[in-house]
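File shown here: input_7.cif, holding mmCIF, C-alpha atoms.
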```cif
data_input
#
loop_
_atom_site.group_PDB
_atom_site.id
_atom_site.type_symbol
_atom_site.label_atom_id
_atom_site.label_comp_id
_atom_site.auth_asym_id
_atom_site.auth_seq_id
_atom_site.Cartn_x
_atom_site.Cartn_y
_atom_site.Cartn_z
ATOM 1 C CA MET A 206 -15.628 -13.959 24.465
ATOM 2 C CA THR A 207 -18.925 -13.261 22.795
ATOM 3 C CA LYS A 208 -19.372 -13.665 19.089
ATOM 4 C CA ILE A 209 -20.065 -10.556 17.029
ATOM 5 C CA THR A 210 -22.207 -10.614 13.885
ATOM 6 C CA PHE A 211 -20.632 -8.467 11.171
ATOM 7 C CA PRO A 212 -22.948 -7.911 8.180
ATOM 8 C CA VAL A 213 -20.799 -6.639 5.307
ATOM 9 C CA GLU A 214 -22.325 -3.900 3.172
ATOM 10 C CA ALA A 215 -21.045 -2.439 -0.080
ATOM 11 C CA SER A 216 -21.362 1.141 1.207
ATOM 12 C CA HIS A 217 -19.215 0.314 4.227
ATOM 13 C CA ILE A 218 -16.513 -1.192 1.991
ATOM 14 C CA MET A 219 -16.606 1.937 -0.203
ATOM 15 C CA MET A 220 -16.262 4.251 2.839
ATOM 16 C CA PHE A 221 -13.397 2.195 4.195
ATOM 17 C CA ALA A 222 -11.522 2.182 0.877
ATOM 18 C CA ARG A 223 -11.951 5.961 0.632
ATOM 19 C CA ALA A 224 -10.568 6.386 4.144
ATOM 20 C CA VAL A 225 -7.359 4.565 3.189
ATOM 21 C CA GLY A 226 -7.129 6.633 0.004
ATOM 22 C CA ASP A 227 -7.712 3.651 -2.273
ATOM 23 C CA SER A 228 -9.775 4.454 -5.374
ATOM 24 C CA ASN A 229 -9.395 0.958 -6.871
ATOM 25 C CA PRO A 230 -12.822 0.224 -8.467
ATOM 26 C CA VAL A 231 -12.740 -3.368 -7.153
ATOM 27 C CA TYR A 232 -13.881 -1.860 -3.838
ATOM 28 C CA HIS A 233 -16.977 -0.057 -5.187
ATOM 29 C CA ASP A 234 -17.801 -0.790 -8.823
ATOM 30 C CA ALA A 235 -19.264 -4.218 -9.606
ATOM 31 C CA ALA A 236 -18.918 -3.685 -13.371
ATOM 32 C CA ALA A 237 -15.207 -2.873 -13.102
ATOM 33 C CA ALA A 238 -14.677 -5.703 -10.614
ATOM 34 C CA LYS A 239 -15.965 -8.412 -12.951
ATOM 35 C CA ASP A 240 -13.025 -10.803 -12.315
ATOM 36 C CA THR A 241 -13.482 -11.009 -8.544
ATOM 37 C CA GLY A 242 -16.718 -9.138 -7.861
ATOM 38 C CA ILE A 243 -16.546 -6.363 -5.281
ATOM 39 C CA ILE A 244 -14.231 -7.360 -2.445
ATOM 40 C CA ALA A 245 -13.096 -5.555 0.699
ATOM 41 C CA PRO A 246 -9.624 -3.992 1.109
ATOM 42 C CA PRO A 247 -7.213 -6.246 3.024
ATOM 43 C CA SER A 248 -7.470 -4.406 6.355
ATOM 44 C CA PHE A 249 -11.291 -4.027 6.282
ATOM 45 C CA ALA A 250 -11.778 -6.846 8.808
ATOM 46 C CA GLN A 251 -10.835 -4.361 11.541
ATOM 47 C CA ALA A 252 -14.108 -2.475 10.923
ATOM 48 C CA VAL A 253 -15.895 -5.193 12.889
ATOM 49 C CA ALA A 254 -15.533 -2.657 15.728
ATOM 50 C CA GLN A 255 -18.671 -1.005 14.307
ATOM 51 C CA PHE A 256 -20.677 -4.082 15.274
ATOM 52 C CA ASP A 257 -19.264 -4.656 18.751
ATOM 53 C CA PRO A 258 -21.996 -3.271 21.050
ATOM 54 C CA ASP A 259 -19.516 -2.755 23.889
ATOM 55 C CA TYR A 260 -16.593 -1.356 21.861
ATOM 56 C CA PHE A 261 -14.870 0.987 24.314
ATOM 57 C CA LEU A 262 -13.447 3.360 21.681
ATOM 58 C CA ARG A 263 -16.886 4.575 20.577
ATOM 59 C CA PRO A 264 -18.807 7.192 22.590
ATOM 60 C CA LYS A 265 -22.199 5.963 23.782
ATOM 61 C CA PRO A 266 -25.305 7.895 24.817
ATOM 62 C CA ASN A 267 -25.495 8.694 28.536
ATOM 63 C CA GLU A 268 -22.000 7.384 29.250
ATOM 64 C CA LYS A 269 -19.002 9.515 30.141
ATOM 65 C CA TRP A 270 -16.439 9.725 27.335
ATOM 66 C CA PHE A 271 -12.752 10.143 28.030
ATOM 67 C CA GLY A 272 -12.149 12.581 25.162
ATOM 68 C CA SER A 273 -12.478 16.355 25.542
ATOM 69 C CA ALA A 274 -15.729 18.312 25.785
ATOM 70 C CA LYS A 275 -16.090 21.200 28.235
ATOM 71 C CA GLY A 276 -12.793 20.101 29.769
ATOM 72 C CA PRO A 277 -9.835 18.263 28.217
ATOM 73 C CA THR A 278 -11.328 14.932 29.315
ATOM 74 C CA GLY A 279 -14.875 13.911 30.167
ATOM 75 C CA ILE A 280 -13.890 11.583 32.986
ATOM 76 C CA ASP A 281 -12.891 12.543 36.513
ATOM 77 C CA THR A 282 -9.630 10.657 36.820
ATOM 78 C CA LYS A 283 -6.722 10.803 34.470
ATOM 79 C CA PRO A 284 -6.357 7.528 32.568
ATOM 80 C CA THR A 285 -3.728 5.342 34.266
ATOM 81 C CA SER A 286 -1.526 5.269 31.176
ATOM 82 C CA SER A 287 -1.447 6.858 27.760
ATOM 83 C CA GLY A 288 -3.910 4.160 26.758
ATOM 84 C CA GLY A 289 -3.345 1.271 24.428
ATOM 85 C CA LEU A 290 -1.489 1.478 21.149
ATOM 86 C CA HIS A 291 -1.554 -0.999 18.312
ATOM 87 C CA ALA A 292 1.788 -2.830 17.970
ATOM 88 C CA GLU A 293 1.155 -5.493 15.321
ATOM 89 C CA GLN A 294 -1.597 -6.767 13.046
ATOM 90 C CA HIS A 295 -1.485 -9.920 10.917
ATOM 91 C CA TYR A 296 -4.107 -11.360 8.582
ATOM 92 C CA GLU A 297 -4.371 -14.718 6.917
ATOM 93 C CA TYR A 298 -6.911 -14.745 4.083
ATOM 94 C CA HIS A 299 -8.745 -17.956 3.276
ATOM 95 C CA ARG A 300 -10.774 -15.843 0.852
ATOM 96 C CA HIS A 301 -11.548 -12.125 0.648
ATOM 97 C CA ILE A 302 -14.581 -10.508 2.262
ATOM 98 C CA ARG A 303 -17.465 -9.630 -0.090
ATOM 99 C CA PRO A 304 -20.555 -7.458 0.304
ATOM 100 C CA GLY A 305 -23.453 -9.609 1.483
ATOM 101 C CA ASP A 306 -21.260 -11.744 3.722
ATOM 102 C CA VAL A 307 -22.590 -12.106 7.249
ATOM 103 C CA LEU A 308 -19.500 -12.827 9.294
ATOM 104 C CA THR A 309 -19.387 -14.284 12.769
ATOM 105 C CA VAL A 310 -16.371 -12.937 14.573
ATOM 106 C CA GLU A 311 -14.854 -14.470 17.655
ATOM 107 C CA THR A 312 -11.794 -13.154 19.502
ATOM 108 C CA LYS A 313 -9.694 -15.085 21.966
ATOM 109 C CA PRO A 314 -6.867 -13.731 24.081
ATOM 110 C CA GLY A 315 -3.398 -14.979 23.182
ATOM 111 C CA LYS A 316 -0.016 -14.498 24.797
ATOM 112 C CA THR A 317 0.927 -11.616 27.110
ATOM 113 C CA TRP A 318 4.501 -10.384 27.540
ATOM 114 C CA GLU A 319 6.443 -7.394 28.868
ATOM 115 C CA LYS A 320 9.419 -5.446 27.628
ATOM 116 C CA GLU A 321 11.376 -2.455 28.921
ATOM 117 C CA SER A 322 11.647 0.475 26.500
ATOM 118 C CA LYS A 323 13.767 3.640 26.648
ATOM 119 C CA ARG A 324 11.103 5.599 24.788
ATOM 120 C CA ALA A 325 8.009 4.624 26.818
ATOM 121 C CA GLY A 326 8.993 2.727 30.004
ATOM 122 C CA LYS A 327 7.492 -0.675 30.718
ATOM 123 C CA LEU A 328 5.549 -2.057 27.771
ATOM 124 C CA THR A 329 2.854 -4.685 28.223
ATOM 125 C CA PHE A 330 1.939 -6.572 25.048
ATOM 126 C CA ARG A 331 -1.331 -8.481 24.679
ATOM 127 C CA GLU A 332 -2.116 -10.726 21.745
ATOM 128 C CA ARG A 333 -5.634 -11.372 20.431
ATOM 129 C CA VAL A 334 -6.572 -13.967 17.838
ATOM 130 C CA THR A 335 -9.771 -13.358 15.877
ATOM 131 C CA GLU A 336 -11.568 -15.698 13.517
ATOM 132 C CA TYR A 337 -13.983 -14.409 10.883
ATOM 133 C CA ARG A 338 -16.373 -17.114 9.623
ATOM 134 C CA ASP A 339 -18.986 -16.681 6.924
ATOM 135 C CA GLN A 340 -22.687 -17.590 6.739
ATOM 136 C CA ASN A 341 -21.684 -21.176 5.803
ATOM 137 C CA GLY A 342 -19.366 -21.547 8.772
ATOM 138 C CA GLU A 343 -16.281 -21.338 6.528
ATOM 139 C CA LEU A 344 -13.214 -19.540 7.815
ATOM 140 C CA VAL A 345 -12.663 -16.315 5.819
ATOM 141 C CA ILE A 346 -9.931 -14.520 7.776
ATOM 142 C CA THR A 347 -7.754 -15.368 10.750
ATOM 143 C CA ALA A 348 -6.383 -12.222 12.398
ATOM 144 C CA ARG A 349 -3.737 -11.823 15.075
ATOM 145 C CA GLY A 350 -3.423 -8.421 16.712
ATOM 146 C CA VAL A 351 -0.981 -7.244 19.343
ATOM 147 C CA GLY A 352 -1.818 -4.267 21.541
ATOM 148 C CA VAL A 353 0.643 -2.511 23.817
ATOM 149 C CA THR A 354 0.081 -0.350 26.859
ATOM 150 C CA THR A 355 2.940 1.972 27.706
ATOM 151 C CA GLU A 356 4.033 3.259 31.098
ATOM 152 C CA ARG A 357 4.267 6.787 29.659
ATOM 153 C CA PRO A 358 3.666 8.490 26.305
ATOM 154 C CA VAL A 359 6.136 7.417 23.615
ATOM 155 C CA ASP A 360 9.094 9.835 23.549
ATOM 156 C CA GLN A 361 9.451 11.348 20.076
ATOM 157 C CA GLY A 362 13.120 12.364 20.528
ATOM 158 C CA MET B 53 -3.225 -8.528 -14.347
ATOM 159 C CA ALA B 54 -1.694 -10.810 -11.831
ATOM 160 C CA LEU B 55 2.028 -11.093 -11.327
ATOM 161 C CA LYS B 56 3.759 -13.971 -13.122
ATOM 162 C CA ALA B 57 6.217 -16.274 -11.375
ATOM 163 C CA SER B 58 8.238 -16.556 -14.583
ATOM 164 C CA ALA B 59 8.818 -12.789 -14.618
ATOM 165 C CA LEU B 60 9.636 -12.312 -10.910
ATOM 166 C CA LYS B 61 12.800 -12.836 -8.877
ATOM 167 C CA ALA B 62 13.974 -12.158 -5.340
ATOM 168 C CA GLY B 63 14.986 -8.531 -4.957
ATOM 169 C CA ASP B 64 12.353 -7.164 -7.358
ATOM 170 C CA SER B 65 10.410 -4.336 -5.768
ATOM 171 C CA HIS B 66 7.515 -1.950 -6.171
ATOM 172 C CA SER B 67 7.035 1.324 -4.358
ATOM 173 C CA GLU B 68 4.400 4.028 -4.212
ATOM 174 C CA ARG B 69 3.760 7.275 -2.400
ATOM 175 C CA VAL B 70 0.652 6.282 -0.436
ATOM 176 C CA VAL B 71 -0.163 9.631 1.163
ATOM 177 C CA GLU B 72 1.155 13.150 0.853
ATOM 178 C CA ASN B 73 0.730 15.658 3.706
ATOM 179 C CA LEU B 74 -1.660 13.446 5.711
ATOM 180 C CA SER B 75 -4.629 15.532 6.869
ATOM 181 C CA ARG B 76 -6.402 15.375 10.198
ATOM 182 C CA THR B 77 -9.582 15.023 8.170
ATOM 183 C CA GLN B 78 -8.364 11.793 6.566
ATOM 184 C CA ILE B 79 -7.637 10.455 10.058
ATOM 185 C CA VAL B 80 -11.215 11.370 11.058
ATOM 186 C CA GLN B 81 -12.463 9.688 7.871
ATOM 187 C CA TYR B 82 -10.644 6.515 8.953
ATOM 188 C CA ALA B 83 -12.141 6.743 12.440
ATOM 189 C CA GLY B 84 -15.634 6.914 10.936
ATOM 190 C CA ALA B 85 -15.115 4.026 8.520
ATOM 191 C CA SER B 86 -13.339 1.713 10.960
ATOM 192 C CA GLY B 87 -15.359 2.599 14.056
ATOM 193 C CA ASP B 88 -12.226 3.329 16.123
ATOM 194 C CA TYR B 89 -13.005 6.706 17.710
ATOM 195 C CA ASN B 90 -10.062 6.760 20.112
ATOM 196 C CA PRO B 91 -9.636 10.499 20.854
ATOM 197 C CA LEU B 92 -5.868 10.077 20.377
ATOM 198 C CA HIS B 93 -6.608 10.214 16.649
ATOM 199 C CA SER B 94 -9.021 13.134 16.394
ATOM 200 C CA ASP B 95 -9.132 15.109 19.639
ATOM 201 C CA GLU B 96 -6.183 17.525 19.810
ATOM 202 C CA VAL B 97 -7.232 18.875 23.231
ATOM 203 C CA TYR B 98 -7.347 15.461 24.886
ATOM 204 C CA THR B 99 -4.238 14.174 23.118
ATOM 205 C CA THR B 100 -2.005 17.137 23.993
ATOM 206 C CA GLN B 101 -3.385 18.004 27.446
ATOM 207 C CA VAL B 102 -4.285 14.609 28.884
ATOM 208 C CA ALA B 103 -2.413 11.918 26.941
ATOM 209 C CA GLY B 104 0.763 13.985 26.613
ATOM 210 C CA TYR B 105 1.464 13.681 22.885
ATOM 211 C CA PRO B 106 2.492 16.624 20.663
ATOM 212 C CA SER B 107 -0.627 16.252 18.485
ATOM 213 C CA VAL B 108 -3.197 13.708 17.364
ATOM 214 C CA PHE B 109 -1.726 10.865 15.321
ATOM 215 C CA ALA B 110 -2.957 8.335 12.784
ATOM 216 C CA HIS B 111 -4.424 4.967 13.657
ATOM 217 C CA GLY B 112 -1.823 2.255 13.043
ATOM 218 C CA MET B 113 -4.510 0.576 10.980
ATOM 219 C CA LEU B 114 -4.736 3.622 8.681
ATOM 220 C CA THR B 115 -1.039 3.190 7.929
ATOM 221 C CA MET B 116 -1.649 -0.534 7.381
ATOM 222 C CA GLY B 117 -4.489 0.363 4.995
ATOM 223 C CA LEU B 118 -2.269 2.802 3.088
ATOM 224 C CA THR B 119 0.446 0.125 2.895
ATOM 225 C CA GLY B 120 -2.184 -2.355 1.699
ATOM 226 C CA LYS B 121 -3.091 -0.026 -1.175
ATOM 227 C CA MET B 122 0.484 -0.217 -2.503
ATOM 228 C CA LEU B 123 0.487 -3.966 -1.915
ATOM 229 C CA THR B 124 -2.734 -4.778 -3.794
ATOM 230 C CA ASN B 125 -1.768 -2.404 -6.623
ATOM 231 C CA TYR B 126 1.342 -4.592 -7.006
ATOM 232 C CA VAL B 127 0.026 -8.133 -6.504
ATOM 233 C CA GLY B 128 -3.488 -7.678 -7.912
ATOM 234 C CA ASP B 129 -6.995 -7.866 -6.495
ATOM 235 C CA GLY B 130 -8.044 -10.736 -4.260
ATOM 236 C CA THR B 131 -4.705 -12.562 -4.459
ATOM 237 C CA LEU B 132 -3.305 -11.892 -0.973
ATOM 238 C CA THR B 133 -3.073 -14.899 1.311
ATOM 239 C CA LYS B 134 -1.145 -13.206 4.132
ATOM 240 C CA PHE B 135 -0.511 -9.608 5.161
ATOM 241 C CA GLY B 136 1.054 -8.642 8.480
ATOM 242 C CA VAL B 137 2.687 -5.537 9.915
ATOM 243 C CA ARG B 138 4.416 -4.144 12.971
ATOM 244 C CA PHE B 139 3.849 -0.474 13.774
ATOM 245 C CA THR B 140 7.354 0.853 14.420
ATOM 246 C CA ASN B 141 6.754 4.596 14.705
ATOM 247 C CA GLN B 142 3.743 6.852 14.937
ATOM 248 C CA VAL B 143 2.354 8.689 11.910
ATOM 249 C CA TRP B 144 1.438 12.356 12.344
ATOM 250 C CA PRO B 145 -0.690 14.885 10.459
ATOM 251 C CA GLY B 146 1.472 16.361 7.695
ATOM 252 C CA ASP B 147 3.432 13.161 7.138
ATOM 253 C CA THR B 148 4.158 11.939 3.623
ATOM 254 C CA LEU B 149 4.519 8.170 3.383
ATOM 255 C CA ASP B 150 6.170 5.915 0.828
ATOM 256 C CA SER B 151 5.508 2.152 0.848
ATOM 257 C CA LYS B 152 7.708 -0.487 -0.702
ATOM 258 C CA ALA B 153 7.274 -4.214 -1.293
ATOM 259 C CA THR B 154 10.368 -6.326 -2.013
ATOM 260 C CA VAL B 155 10.237 -9.899 -3.311
ATOM 261 C CA THR B 156 11.955 -12.365 -0.974
ATOM 262 C CA ALA B 157 10.866 -15.607 -2.658
ATOM 263 C CA VAL B 158 8.935 -16.935 -5.642
ATOM 264 C CA ARG B 159 7.769 -20.469 -4.947
ATOM 265 C CA GLU B 160 5.327 -23.209 -5.849
ATOM 266 C CA GLU B 161 3.248 -25.174 -3.368
ATOM 267 C CA GLY B 162 0.670 -27.773 -4.333
ATOM 268 C CA GLY B 163 0.666 -26.583 -7.938
ATOM 269 C CA GLN B 164 -0.003 -22.946 -6.973
ATOM 270 C CA HIS B 165 2.629 -20.235 -7.386
ATOM 271 C CA TYR B 166 3.204 -17.685 -4.629
ATOM 272 C CA VAL B 167 5.308 -14.596 -4.049
ATOM 273 C CA ASP B 168 6.624 -13.712 -0.567
ATOM 274 C CA LEU B 169 7.305 -10.059 0.109
ATOM 275 C CA THR B 170 8.725 -7.827 2.811
ATOM 276 C CA LEU B 171 7.034 -4.481 3.280
ATOM 277 C CA SER B 172 8.304 -1.170 4.530
ATOM 278 C CA THR B 173 6.553 2.169 4.832
ATOM 279 C CA THR B 174 8.676 5.204 5.633
ATOM 280 C CA ASN B 175 7.950 8.846 6.345
ATOM 281 C CA GLN B 176 9.474 11.984 4.847
ATOM 282 C CA ASP B 177 12.435 11.720 7.240
ATOM 283 C CA GLY B 178 13.209 8.169 6.122
ATOM 284 C CA LYS B 179 11.941 6.770 9.425
ATOM 285 C CA GLU B 180 10.163 3.423 9.094
ATOM 286 C CA VAL B 181 6.568 3.540 10.376
ATOM 287 C CA VAL B 182 5.448 0.087 9.280
ATOM 288 C CA ALA B 183 7.499 -3.074 8.732
ATOM 289 C CA GLY B 184 5.728 -6.143 7.440
ATOM 290 C CA SER B 185 5.431 -9.105 5.163
ATOM 291 C CA ALA B 186 2.902 -10.552 2.751
ATOM 292 C CA THR B 187 2.232 -13.525 0.512
ATOM 293 C CA ALA B 188 0.112 -13.540 -2.648
ATOM 294 C CA ARG B 189 -0.968 -16.083 -5.240
ATOM 295 C CA ILE B 190 0.546 -15.407 -8.642
ATOM 296 C CA ASP B 191 0.282 -16.859 -12.148
ATOM 297 C CA PRO B 192 2.882 -19.398 -13.323
#
```
What would you get if you wrote out this structure as structure tokens?
Amino acid sequence: MTKITFPVEASHIMMFARAVGDSNPVYHDAAAAKDTGIIAPPSFAQAVAQFDPDYFLRPKPNEKWFGSAKGPTGIDTKPTSSGGLHAEQHYEYHRHIRPGDVLTVETKPGKTWEKESKRAGKLTFRERVTEYRDQNGELVITARGVGVTTERPVDQG
Amino acid sequence: MALKASALKAGDSHSERVVENLSRTQIVQYAGASGDYNPLHSDEVYTTQVAGYPSVFAHGMLTMGLTGKMLTNYVGDGTLTKFGVRFTNQVWPGDTLDSKATVTAVREEGGQHYVDLTLSTTNQDGKEVVAGSATARIDP
């Protein structure tokens, strides 16, 4: 897979911390964060999606989008399943991300497995392993995500 | 104020209410910050009429982020070495979530002290939405 360049900015870290309801000053206030300096919240690495030019869960100009507009979906055919859901996410921190880091992010596919579920039919799990390296080539975060596609929407009963 | 190995034992725990009455707007805020604009999280028309869910629902990663807030409030800033979760149930607008970290081990490795934790985030009905584990560096 291609490598993505993820420049880390203080304003992006602040927005992300706000979105997870975390007002800890270590995520936005350099004076208050004097022990560590400003760092990113532990799940911030996921925001690399902003820098993936082909990320399929972001609408793009002049491309059909599967969300609603005039009709309930902007594409002609109904998606073949309810779409992917996130099943697991694991991070190993070699250090924490800081503003000014320019990360190089590379994702490799991992294992794939299937499971039968009463609530959603056949489940297909796909693992992805992502390495985040800094401007010096040092490993910052190793991430392992597992996505699942379901045969039908998850029953809430 | 980092945790101290000398003052910690297996079974110790910390819990926090991490969100009360989760708003659709906070879910949109997370979409904007993370870059994940999946309409399942913000587009009620698509989600109910096409995807077949009762309403939009939160990104799993928003629930991980909320769980992470409890976790870093407990273990301190910049001390986490591992943090992993499984998303066990969906989180919906209006949900109120409580997150808990429980110490499973306090140990020393190569002169550095660590705490191992299990994590659980539950909704207002007591249903677990996130199950996980974490490790952090602590003081002696």
When the cut-off is 7 Å and we count all atoms listed in the file, which residues of chain B are near chain A, given as number ranges by chain?
B: 78, 81-82, 85-91, 95, 97-98, 101-105, 112, 114, 117-118, 120-121, 130, 132-139
For the file shown, what are the residues hit by the PyMOL selection byres ((chain A and resi 341) around 12), laid out as a CSV table (one decimal) with C-alpha atoms, in the frame of the given file?
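What follows is the written file part14.csv:
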```csv
chain,number,residue,atom,x,y,z
A,306,ASP,CA,-21.3,-11.7,3.7
A,307,VAL,CA,-22.6,-12.1,7.2
A,308,LEU,CA,-19.5,-12.8,9.3
A,309,THR,CA,-19.4,-14.3,12.8
A,337,TYR,CA,-14.0,-14.4,10.9
A,338,ARG,CA,-16.4,-17.1,9.6
A,339,ASP,CA,-19.0,-16.7,6.9
A,340,GLN,CA,-22.7,-17.6,6.7
A,342,GLY,CA,-19.4,-21.5,8.8
A,343,GLU,CA,-16.3,-21.3,6.5
A,344,LEU,CA,-13.2,-19.5,7.8
A,345,VAL,CA,-12.7,-16.3,5.8
```
Rounded to one decimal, what separation in Å do you get between CA of Ala188 (chain B) and CA of Thr170 (chain B)?
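Interatomic distance here is 11.7 Å.
From CA of Arg69 (chain B) back to CA of Glu96 (chain B), the distance works out to 26.4 Å.
Selection check: the PyMOL selection byres ((chain B and resi 53-58) around 7) on the shown file gives Ala59, Leu60, Val127, Gly128, Val158, His165, Ile190, Asp191 and Pro192 of chain B.
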Which polymer residues have any atom within 10 Å of an atom of Val71 (chain B), counting all atoms listed in the file, with same-chain residues fewer than 2 positions away left out, as a list in words?
Val225 and Gly226 of chain A; Glu68, Arg69, Asn73, Leu74, Ser75, Thr115, Leu118, Thr119, Gly146, Asp147, Thr148, Leu149, Asp150, Ser151 and Asn175 of chain B
Mind giving me the straight-line distance from CA of Thr335 (chain A) to CA of Thr77 (chain B) in Å, one decimal?
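Computed distance, CA of Thr335 (chain A) to CA of Thr77 (chain B), equals 29.4 Å.
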